[in-house]
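What follows is a set of notes on a single structure, which appears directly below.
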Amino acid sequence: MSENLAHALETGTIEIEGRLIDASNATLFGKITTLDGPISVVYKPIAGERPLWDFPDGNLASREVAAYRISRNRFDLVPLTVLRDGPFGIGAVQQWIETAENFDPITFGTSQNAQLRRLVLFDVVINNTDRKFGHILFDSEGRLFGCDHGVSFHEEWKLRTVLWQFAGMVLTEEEIEILRNTKDSILSGNLVLNDLINNSEVSATLERIDLLLKEQIFPQPDQDWPAVPWPPV
């Protein structure tokens with residue numbers, strides 16, 4: 001990731017241009033002006049978050065950044081995301097991904113694409129409770145991204161996703177290596193999460209990784225918990 005881009009997102013002045021009205025929490029579209037041109041961003045201020053009964057601790061913005069840090073380690077799926085002050089206070093600021101015009105998230109999201117499979121593994125690690133088709137992005141260069149990870153990292157198993165086509169499949173050696181690397185990075189302190197989520201949630205993340213490494217298969221839907229978010233798109 002470009003250091004210039006990271007510096008711009010961390011320090012540049014955010015000019016708000018509009019609001020994404022489909023989002024349940026305040027999600028603002030804006031731009032940061034740089035010498036190389038404007039950078040489009042999504043800004044989610046903590047002040048605009050609606051309280052969630054099942055996520056009483058912390059805030060969604062910090063979880064967005066925690067998901068980015070996990071992704072940056074080896075998954076490489078979440079756009080650059082930082083926690084910083086903005087026009088409406090501290091919040092998550094994420095690089096905007098322009099989706100290819102001909103991209104159909106439902107058709108792609110029901111495929112066996114290798115990048116999509118990595119996203120599924122990532123969602124298990126972060127315990128994503130809200131993987132909808134609309135949270136799958138595909139840019140004009142053919143690169144997959146995932147967004148909206150504010151309701152992740154719960155201590156209890158709460159995976160909800162539209163991506164169940166890999167359930168029961170055996171993990172590849174590459175996927176196992178990604179999991180091992182992620183675990184080692186957390187334990188060594190190279191991947192810091194406890195400034196964003198609490199220690200119990202960090203421990204639960206490690207437990208999910210350990211279970212994946214032990215069973216070496218993608219999990220099946222939980223019969224005691226809604227397996228698909230609503231609405232699915």
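Chains: A, B, ... in order of the structure tokens. Residues: from 1 per chain. Ligands: from 1, in order shown.
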Contacts of Gly86 in chain A at 10 Å or less, counting only C-alpha atoms, minus same-chain residues fewer than 4 places along, as a PDB file with N, CA and C atoms, in the first residue's frame?
```
ATOM      1  N   GLU A  10      -4.754   9.498   6.614  1.00  0.00           N
ATOM      2  CA  GLU A  10      -4.553   9.751   8.040  1.00  0.00           C
ATOM      3  C   GLU A  10      -4.558  11.235   8.383  1.00  0.00           C
ATOM      4  N   THR A  11      -4.143  12.079   7.458  1.00  0.00           N
ATOM      5  CA  THR A  11      -3.934  13.493   7.813  1.00  0.00           C
ATOM      6  C   THR A  11      -4.670  14.486   6.924  1.00  0.00           C
ATOM      7  N   GLY A  12      -5.110  14.088   5.739  1.00  0.00           N
ATOM      8  CA  GLY A  12      -5.725  15.035   4.805  1.00  0.00           C
ATOM      9  C   GLY A  12      -7.085  15.533   5.275  1.00  0.00           C
ATOM     10  N   THR A  13      -7.453  16.714   4.809  1.00  0.00           N
ATOM     11  CA  THR A  13      -8.751  17.299   5.142  1.00  0.00           C
ATOM     12  C   THR A  13      -9.847  16.607   4.342  1.00  0.00           C
ATOM     13  N   ILE A  14     -10.865  16.114   5.054  1.00  0.00           N
ATOM     14  CA  ILE A  14     -11.977  15.410   4.408  1.00  0.00           C
ATOM     15  C   ILE A  14     -13.071  16.406   4.043  1.00  0.00           C
ATOM     16  N   GLU A  15     -13.394  16.453   2.775  1.00  0.00           N
ATOM     17  CA  GLU A  15     -14.482  17.307   2.307  1.00  0.00           C
ATOM     18  C   GLU A  15     -15.692  16.420   2.012  1.00  0.00           C
ATOM     19  N   ILE A  16     -16.741  16.558   2.810  1.00  0.00           N
ATOM     20  CA  ILE A  16     -17.921  15.710   2.668  1.00  0.00           C
ATOM     21  C   ILE A  16     -18.724  16.134   1.443  1.00  0.00           C
ATOM     22  N   TYR A  43     -16.336   7.852   5.043  1.00  0.00           N
ATOM     23  CA  TYR A  43     -16.069   8.284   6.417  1.00  0.00           C
ATOM     24  C   TYR A  43     -17.245   7.875   7.280  1.00  0.00           C
ATOM     25  N   LYS A  44     -16.959   7.077   8.323  1.00  0.00           N
ATOM     26  CA  LYS A  44     -18.008   6.590   9.223  1.00  0.00           C
ATOM     27  C   LYS A  44     -17.716   7.077  10.643  1.00  0.00           C
ATOM     28  N   PRO A  45     -18.280   8.217  11.038  1.00  0.00           N
ATOM     29  CA  PRO A  45     -18.011   8.756  12.372  1.00  0.00           C
ATOM     30  C   PRO A  45     -18.669   7.924  13.472  1.00  0.00           C
ATOM     31  N   ILE A  90     -14.123  11.494  15.623  1.00  0.00           N
ATOM     32  CA  ILE A  90     -13.358  10.294  15.337  1.00  0.00           C
ATOM     33  C   ILE A  90     -14.223   9.280  14.583  1.00  0.00           C
ATOM     34  N   GLY A  91     -13.624   8.653  13.589  1.00  0.00           N
ATOM     35  CA  GLY A  91     -14.349   7.641  12.828  1.00  0.00           C
ATOM     36  C   GLY A  91     -13.409   6.861  11.931  1.00  0.00           C
ATOM     37  N   ALA A  92     -13.965   5.892  11.236  1.00  0.00           N
ATOM     38  CA  ALA A  92     -13.196   5.113  10.272  1.00  0.00           C
ATOM     39  C   ALA A  92     -13.221   5.826   8.925  1.00  0.00           C
ATOM     40  N   VAL A  93     -12.062   5.935   8.307  1.00  0.00           N
ATOM     41  CA  VAL A  93     -11.952   6.518   6.969  1.00  0.00           C
ATOM     42  C   VAL A  93     -11.343   5.459   6.067  1.00  0.00           C
TER      43      VAL A  93
END
```
Can you tell me, as a list of chain:residue names, what residues are no more than 8 Å from range 198-212 of chain A when counting only C-alpha atoms, ignoring any on the same chain fewer than 5 positions away?
->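 In the requested format, the answer is A:Gly58, A:Val124, A:Val125, A:Ile126, A:Asn127, A:Phe153, A:His154, A:Glu155, A:Glu156, A:Leu179, A:Arg180, A:Lys183, A:Leu193, A:Ile217, A:Phe218.
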Kindly export the residues of the current selection with N, CA and C atoms, as a JSON list (two decimals), in the first residue's frame.
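Output file part.json follows:
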```json
[["chain", "number", "residue", "atom", "x", "y", "z"],
["A", 58, "GLY", "N", -17.15, -1.15, 22.80],
["A", 58, "GLY", "CA", -16.39, -0.58, 21.69],
["A", 58, "GLY", "C", -17.26, 0.15, 20.70],
["A", 124, "VAL", "N", -14.61, -15.84, 8.27],
["A", 124, "VAL", "CA", -14.63, -16.77, 9.39],
["A", 124, "VAL", "C", -13.68, -16.29, 10.49],
["A", 125, "VAL", "N", -12.50, -15.83, 10.10],
["A", 125, "VAL", "CA", -11.51, -15.36, 11.08],
["A", 125, "VAL", "C", -12.06, -14.17, 11.87],
["A", 126, "ILE", "N", -12.67, -13.20, 11.18],
["A", 126, "ILE", "CA", -13.15, -12.01, 11.89],
["A", 126, "ILE", "C", -14.57, -12.18, 12.43],
["A", 127, "ASN", "N", -15.19, -13.33, 12.16],
["A", 127, "ASN", "CA", -16.55, -13.61, 12.65],
["A", 127, "ASN", "C", -17.52, -12.54, 12.14],
["A", 153, "PHE", "N", -15.94, -9.63, 14.89],
["A", 153, "PHE", "CA", -15.08, -9.91, 16.04],
["A", 153, "PHE", "C", -15.85, -10.22, 17.33],
["A", 154, "HIS", "N", -17.13, -10.56, 17.23],
["A", 154, "HIS", "CA", -17.85, -10.91, 18.46],
["A", 154, "HIS", "C", -17.22, -12.15, 19.09],
["A", 155, "GLU", "N", -17.27, -12.21, 20.44],
["A", 155, "GLU", "CA", -16.71, -13.37, 21.14],
["A", 155, "GLU", "C", -17.47, -14.65, 20.82],
["A", 156, "GLU", "N", -18.80, -14.53, 20.64],
["A", 156, "GLU", "CA", -19.62, -15.69, 20.33],
["A", 156, "GLU", "C", -19.66, -15.91, 18.82],
["A", 179, "LEU", "N", -3.46, -18.64, 7.68],
["A", 179, "LEU", "CA", -3.98, -18.72, 9.04],
["A", 179, "LEU", "C", -2.85, -18.79, 10.05],
["A", 180, "ARG", "N", -1.84, -19.61, 9.78],
["A", 180, "ARG", "CA", -0.71, -19.71, 10.70],
["A", 180, "ARG", "C", 0.02, -18.38, 10.82],
["A", 183, "LYS", "N", -2.06, -15.96, 12.94],
["A", 183, "LYS", "CA", -1.96, -16.31, 14.36],
["A", 183, "LYS", "C", -0.62, -15.87, 14.92],
["A", 193, "LEU", "N", -4.23, -5.65, 17.77],
["A", 193, "LEU", "CA", -5.68, -5.50, 17.69],
["A", 193, "LEU", "C", -6.29, -4.95, 18.97],
["A", 217, "ILE", "N", -11.17, -27.33, 7.41],
["A", 217, "ILE", "CA", -12.27, -27.23, 6.45],
["A", 217, "ILE", "C", -13.03, -25.93, 6.69],
["A", 218, "PHE", "N", -13.72, -25.48, 5.66],
["A", 218, "PHE", "CA", -14.60, -24.32, 5.83],
["A", 218, "PHE", "C", -15.82, -24.76, 6.64]]
```
Pairwise distance for CA of Asp123 in chain A and CA of Tyr68 in chain A, rounded to one decimal in Å =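 Taking CA of Asp123 in chain A and CA of Tyr68 in chain A, their separation equals 11.8 Å.
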Range 133-147 of chain A environment, 7 Å, only C-alpha atoms, sequence neighbours closer than 4 positions dropped, as a compact mmCIF listing (two decimals) with N, CA and C atoms, in the first residue's frame:
```txt
# COMPACT_ATOMS: atom_id res chain seq x y z
N LEU A 77 -7.67 -7.88 1.30
CA LEU A 77 -9.04 -7.79 0.78
C LEU A 77 -9.77 -6.51 1.17
N VAL A 78 -9.32 -5.85 2.20
CA VAL A 78 -10.03 -4.67 2.71
C VAL A 78 -9.30 -3.41 2.26
N PRO A 79 -10.03 -2.44 1.71
CA PRO A 79 -9.39 -1.20 1.30
C PRO A 79 -8.71 -0.52 2.51
N ILE A 97 -13.62 2.36 -3.24
CA ILE A 97 -13.31 1.48 -4.37
C ILE A 97 -14.37 1.65 -5.44
N GLU A 98 -13.94 2.06 -6.61
CA GLU A 98 -14.86 2.22 -7.74
C GLU A 98 -15.09 0.85 -8.36
N THR A 99 -16.33 0.40 -8.30
CA THR A 99 -16.65 -0.93 -8.80
C THR A 99 -16.82 -0.92 -10.31
N ALA A 100 -16.35 -1.97 -10.96
CA ALA A 100 -16.50 -2.10 -12.41
C ALA A 100 -17.98 -2.02 -12.80
N PHE A 103 -20.05 -5.25 -13.16
CA PHE A 103 -19.94 -6.22 -12.07
C PHE A 103 -21.31 -6.55 -11.49
N PRO A 105 -22.69 -8.44 -8.37
CA PRO A 105 -22.22 -9.05 -7.12
C PRO A 105 -22.90 -10.38 -6.79
N ILE A 106 -24.15 -10.56 -7.24
CA ILE A 106 -24.85 -11.81 -6.93
C ILE A 106 -24.28 -12.97 -7.76
N GLY A 109 -20.85 -13.49 -6.47
CA GLY A 109 -20.88 -13.98 -5.10
C GLY A 109 -21.35 -15.41 -4.94
N GLN A 115 -10.49 -15.67 -5.37
CA GLN A 115 -10.44 -14.50 -4.50
C GLN A 115 -11.61 -14.51 -3.53
N VAL A 162 -23.73 -14.56 2.90
CA VAL A 162 -24.38 -15.12 1.72
C VAL A 162 -23.43 -16.08 0.99
N PRO A 232 -30.20 -9.84 2.09
CA PRO A 232 -28.95 -10.45 1.65
C PRO A 232 -28.13 -9.57 0.70
N VAL A 233 -28.74 -8.54 0.15
CA VAL A 233 -28.04 -7.65 -0.78
C VAL A 233 -27.71 -6.33 -0.09
```
A straight line from CA of Thr81 in chain A to CA of Trp230 in chain A spans 25.3 Å
